[in-house]
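Q: One structure is given below, represented as structure tokens, and several questions about it will come after.
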Amino acid sequence: MYRIILIDDEPLILAGIASLINWEMHDCCIVGKATNGHAAIDLILEMRPDIVITDIRMPVMNGLEVIEACREKDCEFAFIFLTNLEDFQLAKQAVHLGAADYLVKLDLQPQTLIQALDRAKEHCSRMESHHNRELYSILLKDNQKQLERNYFSQLIFQSSEGPKPPEGLRAPENPGPPEALKPSEHGPAANPEIDELYKNIYIILFQMRPEQILFGQPEAYDFQFIASQLLDVVSGIGARYFSAHTILTPQKDMMLLVACPKPESDNVKSFSEFCTKVNVALGTYFALTALFGISQRKPGPARLVQAYTEARSALEHCYYDSALRIAFYRNLDPRLCKPAQREFNINFLKKSMSAAVLENESQDLRDMFHELSELFCQYKPDKTQAVSACINIYSYLHDLLLKDGSQDSDFPYSIDIAEQLSRLASLDDILLWLDSFCEKICAMLTDRKEKRSDKFVYMAKRYIHEHYREKLMLSDIAEYLKISPGYLSSCFSRYMNRTVSDYIAEVKIEHAKELIDSGQFLIYEIADQLGFENAYYFSKVFKKVTGMSPKNYECRNKLGG
């Protein structure tokens with residue numbers, strides 16, 4: 001059943017056309033009517049008819065404009081125009097636009113309408129046939145690309161001699177390779193058609209990375225979604241530079257291209273321009289960039305495993321020298337990227353870091369992170385070692401700060417940090433992450449320093465009041481609080497406007513005055529009870545605090561002064 005929409009600004013014309021024939025007998029049904037162009041467009045886009053019969057001349061928007069507006073919105077249908085005798089020029093435009101027919105209103109008869117409908121139905125059939133051919137062509141192309149992806153994926157990752165894909169890289173999801181391409185124990189069966197298409201091939205392997213490396217932002221980049229959006233972009237760029245290319249669907253942050261340069265091209269220039277344009281697209285749409293590793297030329301798909309190994313080596317070269325960005329395997333100098341040959345252990349820094357955190361000394365911690373960065377630069381740990389060291393430091397400081405009162409919400413889960421670190425493409429990226437992590441912790445320490453200093457002062461005062469009978473030293477109190485004497489002295493002076501020693505003296509002398517007032521003890525006995533070395537030193541401190549000697553204080557009290 002063909003679905004029909006009628007459009008005319010005269011309601012009588014609409015009614016006349018609707019009643020002119022028995023529509024169902026001609027496999028048609030009227031699904032809507034409109035009396036102006038704007039309403040017609042909304043109705044057409046909503047109903048998606050097979051055939052539109054419209055007046056060619058209407059106020060505000062004529063029939064031609066209605067058809068063109070619908071086509072701009074990718075709405076296709078057959079159409080018949082209704083005209084008056086004086087609309088001959090518009091009728092010619094209608095035919096040029098692709099009208100199935102045009103009918104003069106005054107001469108409109110059932111038979112002419114039926115004939116016009118038959119021509120519109122034929123037009124619908126041609127459109128459907130054309131659409132099916134387009135779909136078939138697209139399916140053929142998609143099937144060919146899928147065959148290529150399956151074939152190359154098996155050659156690289158599933159053959160008996162091939163490497164396993166790195167974490168983060170997988171073959172595309174699909175129902176399974178065709179029988180002819182299933183790997184045997186010696187690898188996948190050859191495909192002469194693809195082998196013929198892909199001669200003189202290269203592998204380009206690239207890893208995406210954030211333009212800005214910040215601690216604790218793994219949720220900011222959904223690499224799997226980005227990769228799905230990037231496929232068409234990379235494929236479009238590749239079509240400009242390669243006579244044939246296939247992209248293996250990545251997981252997370254990697255893409256692999258099997259590329260065949262155009263015969264007349266300068267390969268180095270073509271690859272460099274391709275990589276640059278991919279980076280521009282990454283930066284423009286996703287705030288990402290990438291590092292690229294490119295293999296040497298291989299004579300055909302049979303050498304893809306070796307090409308993949310070379311591309312991986314080139315990409316690893318970028319890990320040690322991210323300024324390189326695009327590394328060609330043939331240009332590698334192995335002397336420039338020698339990783340540490342011994343265990344990369346940073347545990348010796350933990351004790352100092354612990355002291356800095358407990359005392360909220362952000363500058364001390366910053367100095368230690370700087371020392372750690374220098375070790376990374378000097379010993380060039382490989383990625384596994386570097387990531388392990390970063391997770392080690394993160395976990396240690398995370399646990400330390402939680403025990404010391406920080407909120408768990410201040411820190412991502414360790415597994416998220418490990419995930420983020422695993423995506424960093426270069427040693428420089430890891431150093432940037434370390435610097436960002438350091439600044440995060442130092443900001444916390446600076447904030448906590450103000451909030452916790454009064455706590456230490458309070459605890460120190462309480463300790464002094466509880467132990468005033470002992471010989472109190474700054475170092476004893478600091479040891480009890482598990483902070484350094486210098487930090488305690490600084491906090492105390494800032495909050496109390498006096499030194500710890502002065503406060504100890506004041507507390508002791510207040511108790512001394514009570515003992516003197518009791519009249520039960522001699523001066524030397526009081527000095528001994530309050531932890532003074534001798535009566536002379538007690539008298540000296542007493543006078544400094546009160547402005548008089550213990551004897552004068554005792555006499556004044558006796559005299560009622």
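The way I read the labels, and the way they are meant: chains A, B, ... in the order of the structure tokens, residue 1 as the first residue of every chain, and ligand 1 as the first ligand shown, with later ones counted on from there.
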Hey, what does DSSP flag as alpha helix (DSSP H) within range 22-108 of chain A? Can you give it to me as a PyMOL selection string?
A: chain A and resi 37-47+63-72+88-97
Q: Quote the spacing between CA of Asp101 in chain A and CA of Ile80 in chain A in Å to one decimal place.
A: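 Rounded to one decimal, the two atoms are 5.1 Å apart.
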Q: Please list as a tab-separated table (two decimals) with C-alpha atoms, in the first residue's frame every residue within 10 Å of Asn534 in chain A, counting only C-alpha atoms and excluding residues in the same chain fewer than 5 positions away.
A:
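Generated file (result-v6.tsv):
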chain	number	residue	atom	x	y	z
A	523	ILE	CA	61.79	26.49	98.53
A	524	TYR	CA	64.26	23.72	97.68
A	525	GLU	CA	61.51	21.10	98.25
A	526	ILE	CA	59.23	22.88	95.82
A	527	ALA	CA	62.04	23.11	93.26
A	528	ASP	CA	62.59	19.38	93.54
A	539	SER	CA	64.46	30.96	91.86
Q: I want to know what sits within 8 Å of range 489-495 of chain A, based on only C-alpha atoms, with residues of the same chain fewer than 6 positions away left out; could you give that as a PDB file with N, CA and C atoms, in the first residue's frame?
A:
ATOM      1  N   SER A 453      47.918  22.449  63.166  1.00  0.00           N
ATOM      2  CA  SER A 453      48.900  23.041  64.072  1.00  0.00           C
ATOM      3  C   SER A 453      48.301  23.269  65.448  1.00  0.00           C
ATOM      4  N   ASP A 454      47.045  23.773  65.524  1.00  0.00           N
ATOM      5  CA  ASP A 454      46.424  24.023  66.816  1.00  0.00           C
ATOM      6  C   ASP A 454      46.200  22.720  67.574  1.00  0.00           C
ATOM      7  N   PHE A 456      48.262  20.113  67.519  1.00  0.00           N
ATOM      8  CA  PHE A 456      49.542  19.787  68.150  1.00  0.00           C
ATOM      9  C   PHE A 456      49.811  20.692  69.355  1.00  0.00           C
ATOM     10  N   VAL A 457      49.441  21.960  69.221  1.00  0.00           N
ATOM     11  CA  VAL A 457      49.642  22.888  70.339  1.00  0.00           C
ATOM     12  C   VAL A 457      48.791  22.458  71.531  1.00  0.00           C
ATOM     13  N   LEU A 474      61.739  20.105  75.198  1.00  0.00           N
ATOM     14  CA  LEU A 474      61.040  20.217  73.916  1.00  0.00           C
ATOM     15  C   LEU A 474      61.101  18.901  73.139  1.00  0.00           C
TER      16      LEU A 474
END
Q: Any chance you could list, as number ranges by chain, the residues in range 174-309 of chain A that come up strand (DSSP E) when DSSP is run on the backbone?
A: A: 183-184, 187-188, 202-210, 242-248, 254-261, 288-294
Q: State, in Å with one decimal place, the distance from CA of Gly283 in chain A to CA of Asp253 in chain A.
A: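 CA of Gly283 in chain A sits 14.4 Å away from CA of Asp253 in chain A.
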Q: In Å, with one decimal, what is the gap from CA of Phe242 in chain A to CA of His317 in chain A?
A: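 Answer for the CA of Phe242 in chain A to CA of His317 in chain A separation: 24.7 Å.
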Q: When you look at Leu324 in chain A with a cut-off of 9 Å (counting only C-alpha atoms), what residues show up, excluding the ones that are within fewer than 3 positions of it in the same chain? I need them as a list in words.
A: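 The residues that qualify are Leu291, Phe292, His317, Cys318, Asp321 and Ala327 of chain A.
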Q: Now that the selection is made, can you save its residues with C-alpha atoms as a PDB file, in the first residue's frame?
A:
ATOM      1  CA  LEU A 291      52.882   8.814  19.751  1.00  0.00           C
ATOM      2  CA  PHE A 292      53.501   6.753  16.602  1.00  0.00           C
ATOM      3  CA  HIS A 317      61.435   4.234  21.523  1.00  0.00           C
ATOM      4  CA  CYS A 318      58.967   7.115  21.862  1.00  0.00           C
ATOM      5  CA  ASP A 321      61.954  10.164  23.972  1.00  0.00           C
ATOM      6  CA  ALA A 327      59.464   6.972  15.350  1.00  0.00           C
TER       7      ALA A 327
END
Q: Pick out the residues sitting within 9 Å of Met127 in chain A, and hand them over as a list in words; count only C-alpha atoms, and ignore anything fewer than 5 positions along from it in its own chain.
A: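 Here the qualifying residues turn out to be Glu76, Phe77, Ala78, Glu122 and Asn132 of chain A.
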Q: Using only C-alpha atoms, what table do you get, as a tab-separated table, when you list each residue of range 308-411 of chain A with an atom no more than 7 Å from range 293-301 of chain A, its nearest pair of atoms, and their distance in Å rounded to one decimal, rows by chain then rising number?
A:
residue	atom	partner	partner_atom	distance
A:Tyr308	CA	A:Ser295	CA	6.9
A:Glu310	CA	A:Ser295	CA	5.0
A:Ala311	CA	A:Ser295	CA	4.5
A:Arg312	CA	A:Gly293	CA	6.4
A:Ala314	CA	A:Gly293	CA	4.5
A:Leu315	CA	A:Gly293	CA	4.1
A:Ile326	CA	A:Gly293	CA	6.1
A:Ala327	CA	A:Gly293	CA	5.0
A:Phe328	CA	A:Ile294	CA	4.9
A:Tyr329	CA	A:Ser295	CA	5.3
A:Arg330	CA	A:Gln296	CA	6.2
Q: Go ahead and save the residues from that selection, with N, CA and C atoms, as an mmCIF file, in the first residue's frame.
A:
data_model
loop_
_atom_site.group_PDB
_atom_site.id
_atom_site.type_symbol
_atom_site.label_atom_id
_atom_site.label_comp_id
_atom_site.auth_asym_id
_atom_site.auth_seq_id
_atom_site.Cartn_x
_atom_site.Cartn_y
_atom_site.Cartn_z
ATOM 1 N N TYR A 308 54.883 -5.868 12.870
ATOM 2 C CA TYR A 308 54.259 -5.489 14.142
ATOM 3 C C TYR A 308 55.316 -5.351 15.236
ATOM 4 N N GLU A 310 58.418 -4.593 14.853
ATOM 5 C CA GLU A 310 59.180 -3.371 14.590
ATOM 6 C C GLU A 310 58.402 -2.126 15.007
ATOM 7 N N ALA A 311 57.097 -2.112 14.713
ATOM 8 C CA ALA A 311 56.273 -0.958 15.094
ATOM 9 C C ALA A 311 56.222 -0.815 16.608
ATOM 10 N N ARG A 312 56.124 -1.942 17.320
ATOM 11 C CA ARG A 312 56.143 -1.907 18.786
ATOM 12 C C ARG A 312 57.470 -1.352 19.298
ATOM 13 N N ALA A 314 59.470 0.655 17.741
ATOM 14 C CA ALA A 314 59.520 2.089 17.441
ATOM 15 C C ALA A 314 58.679 2.880 18.443
ATOM 16 N N LEU A 315 57.509 2.355 18.791
ATOM 17 C CA LEU A 315 56.656 3.043 19.761
ATOM 18 C C LEU A 315 57.306 3.067 21.134
ATOM 19 N N ILE A 326 56.981 10.686 16.379
ATOM 20 C CA ILE A 326 56.850 9.729 15.276
ATOM 21 C C ILE A 326 58.187 9.010 15.118
ATOM 22 N N ALA A 327 58.207 7.725 15.399
ATOM 23 C CA ALA A 327 59.464 6.972 15.350
ATOM 24 C C ALA A 327 59.398 5.935 14.225
ATOM 25 N N PHE A 328 60.352 6.006 13.307
ATOM 26 C CA PHE A 328 60.492 5.004 12.246
ATOM 27 C C PHE A 328 61.490 3.949 12.705
ATOM 28 N N TYR A 329 61.115 2.698 12.600
ATOM 29 C CA TYR A 329 61.979 1.626 13.100
ATOM 30 C C TYR A 329 63.361 1.692 12.472
ATOM 31 N N ARG A 330 63.415 2.034 11.198
ATOM 32 C CA ARG A 330 64.709 2.017 10.494
ATOM 33 C C ARG A 330 65.671 3.074 11.038
#
Q: So, with only C-alpha atoms as the atoms that count, which of A:Tyr102, A:Phe542, A:Tyr394, A:Tyr285 lies closest to Ala418 in chain A?
A: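 Looking only at the distances to Ala418 in chain A, the closest residue turns out to be A:Tyr394.
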Q: From the set A:Ser422, A:Leu375, A:Leu205, A:Lys252, which residue has the shortest atom-to-atom contact distance to Ser313 in chain A, counting only C-alpha atoms?
A: A:Leu205
Q: Using only C-alpha atoms, can you tell me which of A:Phe411, A:Phe286, A:Tyr320, A:Tyr396 comes closest to Phe376 in chain A?
A: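 The closest residue to Phe376 in chain A is A:Tyr320.
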